[in-house]
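See below for the structure under consideration.
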Amino acid sequence: MKLNRFASIPVCGVLTLMGFVYYITIFIFIEDWVGLATSAGTLNALIFTLMASLSLFSFVASVLTDPGYVPPSAAPDVEAAAVLDPKTHKDSSQLRQCEKCSRYKPPRAHHCRVCRVCVLRMDHHCLWINNCVGHWNYKAFIVLIFYATAASIYSTVVIMNSSSHKDWDFAGVLPFKIFYIISGTMMAGLSITLSTLLGWHIYLITRNMTTIEYHEGTRAAWLAKKSGQIYRHPFNINIYANISSVLGPNMLKWFCPTAVSYLKDGTSFPTSHQS
């Protein structure tokens with residue numbers, strides 16, 4: 001069952017961290033800063049609650065949504081199967097056979113050693129969602145990182161404002177200082193980590209690449225350079241088309257993790273040559 005994915009220490013750790021960050025941000029730092037009973041406190045609490053709720057919803061969607069597995073009936077296109085690879089001069093259909101599954105492996109699909117199955121448009125297997133990140137849940141994963149980054153930065157700003165307005169001139173202040181320093185450092189570190197991860201995936205999205213394809217492309221570019229050729233990622237069409245293929249053509253639905261009706265079956269993708 002999909003719910004069994006929540007029976008994982010990393011997943012439970014993420015949920016615990018979300019709850020802890022939400023509690024200290026709302027009931028400690030916003031309360032100490034402006035007070036929850038004030039209009040400013042209520043507004044900040046509502047904004048952060050919205051961010052936290054969207055992060056939680058995206059996280060649950062990332063965990064429960066199957067990444068997309070190669071169906072047993074998948075088979076290469078008849079015309080494509082007759083094309084010879086220009087480098088090896090072998091039948092392209094034979095090049096797409098999974099050595100572990102012994103089945104046809106569509107373009108951009110990869111075998112996950114953890115899930116023990118081929119995943120469509122696989123990006124990576126994520127320990128923190130106990131699931132592969134692939135064709136059907138990549139958008140949910142990206143939106144999760146976006147909301148989590150925004151919430152972490154917001155929490156960090158709240159902590160900084162709360163500490164700058166707090167009166168530290170009273171006895172027994174050391175434990176509070178330590179708590180503020182630890183919390184501020186933790187949230188700043190989390191913000192930097194998530195921002196870096198978000199920036200990385202934005203880079204990949206604009207080039208229509210997965211993490212696996214990036215590393216494969218790096219090697220392919222090196223080999224092409226040695227032979228005096230230029231390598232170009234075949235699925236990199238243009239920036240807008242690349243973004244739309246991941247987030248969808250409707251910008252109003254870009255930040256909805258479950259709005260993926262625009263996705264095809266994941267067994268074929270347009271290439272720069274076709275465009």
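Chain labels follow the order of the structure tokens: the first chain is A, the next B, and so on; residue numbering restarts at 1 in every chain, and ligands are counted from 1 in their shown order.
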
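Looking only at stretch 115-227 of chain A, the set that DSSP places in strand (DSSP E or B) from backbone geometry is Val117, Cys118, Val119, His124, His125, Cys126, Asn131, Cys132 and Val133 of chain A.
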
Written file, previous selection with N, CA and C atoms, as a compact mmCIF listing (two decimals), in the first residue's frame:
```txt
# COMPACT_ATOMS: atom_id res chain seq x y z
N VAL A 117 12.50 -1.55 -10.09
CA VAL A 117 11.63 -1.44 -11.26
C VAL A 117 12.09 -0.25 -12.08
N CYS A 118 11.75 -0.25 -13.37
CA CYS A 118 12.11 0.88 -14.22
C CYS A 118 11.08 1.99 -14.04
N VAL A 119 11.58 3.21 -13.83
CA VAL A 119 10.74 4.38 -13.56
C VAL A 119 10.78 5.32 -14.75
N HIS A 124 15.53 10.75 -9.55
CA HIS A 124 16.34 10.09 -8.53
C HIS A 124 15.41 9.40 -7.54
N HIS A 125 15.96 8.55 -6.71
CA HIS A 125 15.17 7.98 -5.62
C HIS A 125 15.43 8.83 -4.38
N CYS A 126 14.34 9.37 -3.83
CA CYS A 126 14.47 10.29 -2.70
C CYS A 126 14.19 9.57 -1.39
N ASN A 131 10.28 7.37 -1.88
CA ASN A 131 9.66 7.16 -3.18
C ASN A 131 10.62 7.63 -4.26
N CYS A 132 10.44 7.11 -5.44
CA CYS A 132 11.19 7.63 -6.58
C CYS A 132 10.58 8.95 -7.03
N VAL A 133 11.40 9.82 -7.57
CA VAL A 133 10.92 11.05 -8.19
C VAL A 133 10.98 10.81 -9.69
```

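Using only C-alpha atoms, the residues found no farther than 6 Å from stretch 160-163 of chain A, other than those of its own chain fewer than 2 positions away, are A:Phe29, A:Trp33, A:Val157, A:Val158, A:His165, A:Lys166.
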
Could you build a table of the residues in stretch 51-149 of chain A lying no more than 10 Å from stretch 199-204 of chain A, giving for each the nearest pair of atoms and their separation in Å rounded to one decimal place, using only C-alpha atoms, ordered by chain and ascending residue number, as CSV?
```
residue,atom,partner,partner_atom,distance
A:Phe141,CA,A:His201,CA,10.0
A:Ile142,CA,A:His201,CA,7.3
A:Ile145,CA,A:His201,CA,9.3
A:Phe146,CA,A:Gly199,CA,9.6
```

Could you write those residues out with N, CA and C atoms, as a PDB file, in the first residue's frame?
```
ATOM      1  N   PHE A 141       7.178  17.165  -6.357  1.00  0.00           N
ATOM      2  CA  PHE A 141       8.456  17.282  -5.662  1.00  0.00           C
ATOM      3  C   PHE A 141       9.031  18.689  -5.802  1.00  0.00           C
ATOM      4  N   ILE A 142       8.951  19.257  -7.012  1.00  0.00           N
ATOM      5  CA  ILE A 142       9.458  20.608  -7.246  1.00  0.00           C
ATOM      6  C   ILE A 142       8.656  21.636  -6.452  1.00  0.00           C
ATOM      7  N   ILE A 145       9.582  21.569  -2.796  1.00  0.00           N
ATOM      8  CA  ILE A 145      10.824  22.292  -2.509  1.00  0.00           C
ATOM      9  C   ILE A 145      10.574  23.797  -2.502  1.00  0.00           C
ATOM     10  N   PHE A 146       9.752  24.276  -3.436  1.00  0.00           N
ATOM     11  CA  PHE A 146       9.455  25.709  -3.515  1.00  0.00           C
ATOM     12  C   PHE A 146       8.752  26.197  -2.245  1.00  0.00           C
TER      13      PHE A 146
END
```

Would you give me, as a tab-separated table, each residue of stretch 124-221 of chain A having an atom within 10 Å of an atom of stretch 248-265 of chain A, along with its shortest atom pair and that distance in Å to one decimal, using only C-alpha atoms and sorting by chain and residue number?
```
residue	atom	partner	partner_atom	distance
A:His135	CA	A:Leu263	CA	8.3
A:Trp136	CA	A:Val260	CA	7.4
A:Asn137	CA	A:Pro257	CA	8.1
A:Tyr138	CA	A:Pro257	CA	8.9
A:Lys139	CA	A:Pro257	CA	5.9
A:Ala140	CA	A:Pro257	CA	4.2
A:Phe141	CA	A:Pro257	CA	7.8
A:Ile142	CA	A:Pro257	CA	8.2
A:Val143	CA	A:Pro257	CA	6.0
A:Leu144	CA	A:Pro257	CA	7.7
A:Phe146	CA	A:Phe255	CA	8.7
A:Tyr147	CA	A:Phe255	CA	8.9
```

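Across the model, the gap from atom CA of A:Leu46 to atom CA of A:Leu198 is 24.1 Å.
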
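Proximity to A:Arg5 was assessed for A:Thr49, A:Asn130, A:Ser58, A:Ser268 counting only C-alpha atoms; the smallest distance is recorded for A:Asn130.
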
Got a sec: who's within 10 Å of stretch 96-105 of chain A, counting only C-alpha atoms, leaving out chain neighbours fewer than 2 positions off, as a PDB file with C-alpha atoms, in the first residue's frame?
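The new file out25.pdb reads:
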```
ATOM      1  CA  VAL A  70       7.130   1.189 -17.233  1.00  0.00           C
ATOM      2  CA  PRO A  71       4.053  -0.861 -18.190  1.00  0.00           C
ATOM      3  CA  PRO A  72       4.671  -4.489 -19.176  1.00  0.00           C
ATOM      4  CA  SER A  73       3.014  -3.829 -22.532  1.00  0.00           C
ATOM      5  CA  ALA A  74       5.447  -1.040 -23.436  1.00  0.00           C
ATOM      6  CA  ALA A  75       7.196  -1.627 -26.749  1.00  0.00           C
ATOM      7  CA  PRO A  76       9.437   0.449 -29.024  1.00  0.00           C
ATOM      8  CA  ALA A  81      13.319   0.339 -33.799  1.00  0.00           C
ATOM      9  CA  ASP A  91      19.451  -1.474 -33.373  1.00  0.00           C
ATOM     10  CA  SER A  92      18.117   1.283 -31.131  1.00  0.00           C
ATOM     11  CA  SER A  93      15.438  -1.025 -29.682  1.00  0.00           C
ATOM     12  CA  GLN A  94      18.147  -3.316 -28.327  1.00  0.00           C
ATOM     13  CA  PRO A 107      13.516   6.969 -23.447  1.00  0.00           C
ATOM     14  CA  ARG A 108      14.392   8.732 -20.162  1.00  0.00           C
ATOM     15  CA  ALA A 109      13.352   5.695 -18.098  1.00  0.00           C
ATOM     16  CA  HIS A 110      15.851   4.214 -15.647  1.00  0.00           C
ATOM     17  CA  HIS A 111      15.958   1.222 -13.352  1.00  0.00           C
ATOM     18  CA  CYS A 112      15.733   2.089  -9.649  1.00  0.00           C
ATOM     19  CA  ARG A 113      17.839  -0.198  -7.507  1.00  0.00           C
ATOM     20  CA  ARG A 116      13.628  -2.662  -8.298  1.00  0.00           C
ATOM     21  CA  VAL A 117      11.630  -1.445 -11.258  1.00  0.00           C
ATOM     22  CA  CYS A 118      12.106   0.876 -14.223  1.00  0.00           C
ATOM     23  CA  VAL A 119      10.737   4.375 -13.557  1.00  0.00           C
ATOM     24  CA  LEU A 120       9.512   6.703 -16.305  1.00  0.00           C
ATOM     25  CA  THR A 267       6.966   6.592 -22.785  1.00  0.00           C
TER      26      THR A 267
END
```

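Going from atom CA of A:Gly184 to atom CA of A:Ser55 covers 20.1 Å.
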
Of A:Leu3, A:Trp128, A:Arg121, A:Ile205, the one nearest to A:Gly68 when counting only C-alpha atoms is A:Arg121

Using only C-alpha atoms, the best pick from A:Leu223, A:Ala151, A:Cys115, A:Ile239 as closest to A:Ile47 would be A:Ala151

One residue among A:Ile237, A:Ala148, A:Leu127, A:Val34 is nearest to A:Ile9 when using only C-alpha atoms, and that residue is A:Leu127

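The interatomic distance for the pair atom CA of A:Ala241 and atom CA of A:Pro67 works out to 21.4 Å.
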
Quick one: pick out all helix (DSSP H, G or I) residues within stretch 86-250 of chain A from a backbone DSSP run and write them as a ChimeraX atom specification. /A:92-95,138-165,174-206,211-226,239-247

Those same residues - C-alpha atoms - I'd like them written as a compact mmCIF listing (two decimals), in the first residue's frame.
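The result, stored in part.txt:
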```
# COMPACT_ATOMS: atom_id res chain seq x y z
CA SER A 92 18.12 1.28 -31.13
CA SER A 93 15.44 -1.02 -29.68
CA GLN A 94 18.15 -3.32 -28.33
CA LEU A 95 19.86 -0.38 -26.67
CA TYR A 138 8.27 15.29 -10.28
CA LYS A 139 6.04 18.38 -10.29
CA ALA A 140 4.83 17.64 -6.75
CA PHE A 141 8.46 17.28 -5.66
CA ILE A 142 9.46 20.61 -7.25
CA VAL A 143 6.47 22.43 -5.75
CA LEU A 144 7.30 20.88 -2.37
CA ILE A 145 10.82 22.29 -2.51
CA PHE A 146 9.45 25.71 -3.51
CA TYR A 147 6.95 25.94 -0.64
CA ALA A 148 9.41 24.48 1.88
CA THR A 149 12.06 27.01 0.81
CA ALA A 150 9.62 29.91 1.12
CA ALA A 151 8.44 28.72 4.55
CA SER A 152 12.00 28.23 5.81
CA ILE A 153 13.08 31.70 4.70
CA TYR A 154 9.95 33.21 6.25
CA SER A 155 10.62 31.40 9.54
CA THR A 156 14.24 32.59 9.51
CA VAL A 157 13.15 36.21 9.02
CA VAL A 158 10.64 35.87 11.88
CA ILE A 159 13.33 34.51 14.20
CA MET A 160 15.70 37.35 13.27
CA ASN A 161 13.01 39.97 13.87
CA SER A 162 11.96 38.35 17.12
CA SER A 163 15.52 38.26 18.46
CA SER A 164 16.22 41.86 17.43
CA HIS A 165 13.16 43.15 19.30
CA LEU A 174 21.28 32.40 28.70
CA PRO A 175 18.95 29.44 27.98
CA PHE A 176 16.78 31.71 25.79
CA LYS A 177 19.83 32.99 23.91
CA ILE A 178 21.00 29.42 23.27
CA PHE A 179 17.53 28.43 22.03
CA TYR A 180 17.35 31.45 19.72
CA ILE A 181 20.85 30.82 18.36
CA ILE A 182 20.20 27.11 17.74
CA SER A 183 16.82 27.79 16.12
CA GLY A 184 18.16 30.63 13.98
CA THR A 185 21.15 28.58 12.85
CA MET A 186 18.96 25.57 12.07
CA MET A 187 16.47 27.59 10.02
CA ALA A 188 19.19 29.53 8.20
CA GLY A 189 20.94 26.27 7.31
CA LEU A 190 17.67 24.71 6.17
CA SER A 191 16.86 27.79 4.06
CA ILE A 192 20.26 27.68 2.35
CA THR A 193 20.01 23.93 1.72
CA LEU A 194 16.50 24.10 0.27
CA SER A 195 17.31 27.22 -1.78
CA THR A 196 20.30 25.45 -3.30
CA LEU A 197 18.20 22.39 -4.10
CA LEU A 198 15.47 24.59 -5.62
CA GLY A 199 18.01 26.48 -7.73
CA TRP A 200 19.47 23.18 -8.97
CA HIS A 201 16.12 21.85 -10.10
CA ILE A 202 15.17 25.18 -11.70
CA TYR A 203 18.37 24.84 -13.72
CA LEU A 204 17.39 21.30 -14.72
CA ILE A 205 13.81 22.29 -15.61
CA THR A 206 14.92 25.13 -17.91
CA THR A 211 19.48 14.66 -12.43
CA ILE A 212 20.46 11.36 -14.06
CA GLU A 213 20.45 12.93 -17.53
CA TYR A 214 22.64 15.78 -16.30
CA HIS A 215 25.37 13.38 -15.18
CA GLU A 216 25.00 11.30 -18.34
CA GLY A 217 25.12 14.50 -20.42
CA THR A 218 28.31 15.62 -18.70
CA ARG A 219 30.05 12.44 -19.78
CA ALA A 220 28.49 12.57 -23.26
CA ALA A 221 29.69 16.17 -23.69
CA TRP A 222 33.21 15.15 -22.66
CA LEU A 223 33.26 12.27 -25.13
CA ALA A 224 31.83 14.47 -27.90
CA LYS A 225 34.48 17.11 -27.25
CA LYS A 226 37.23 14.50 -27.54
CA ILE A 239 12.99 27.45 -22.06
CA TYR A 240 9.21 27.93 -22.14
CA ALA A 241 8.56 24.51 -23.67
CA ASN A 242 10.91 22.94 -21.15
CA ILE A 243 9.16 24.57 -18.19
CA SER A 244 5.71 23.79 -19.58
CA SER A 245 6.59 20.13 -19.99
CA VAL A 246 7.18 19.91 -16.22
CA LEU A 247 4.83 22.49 -14.66
```
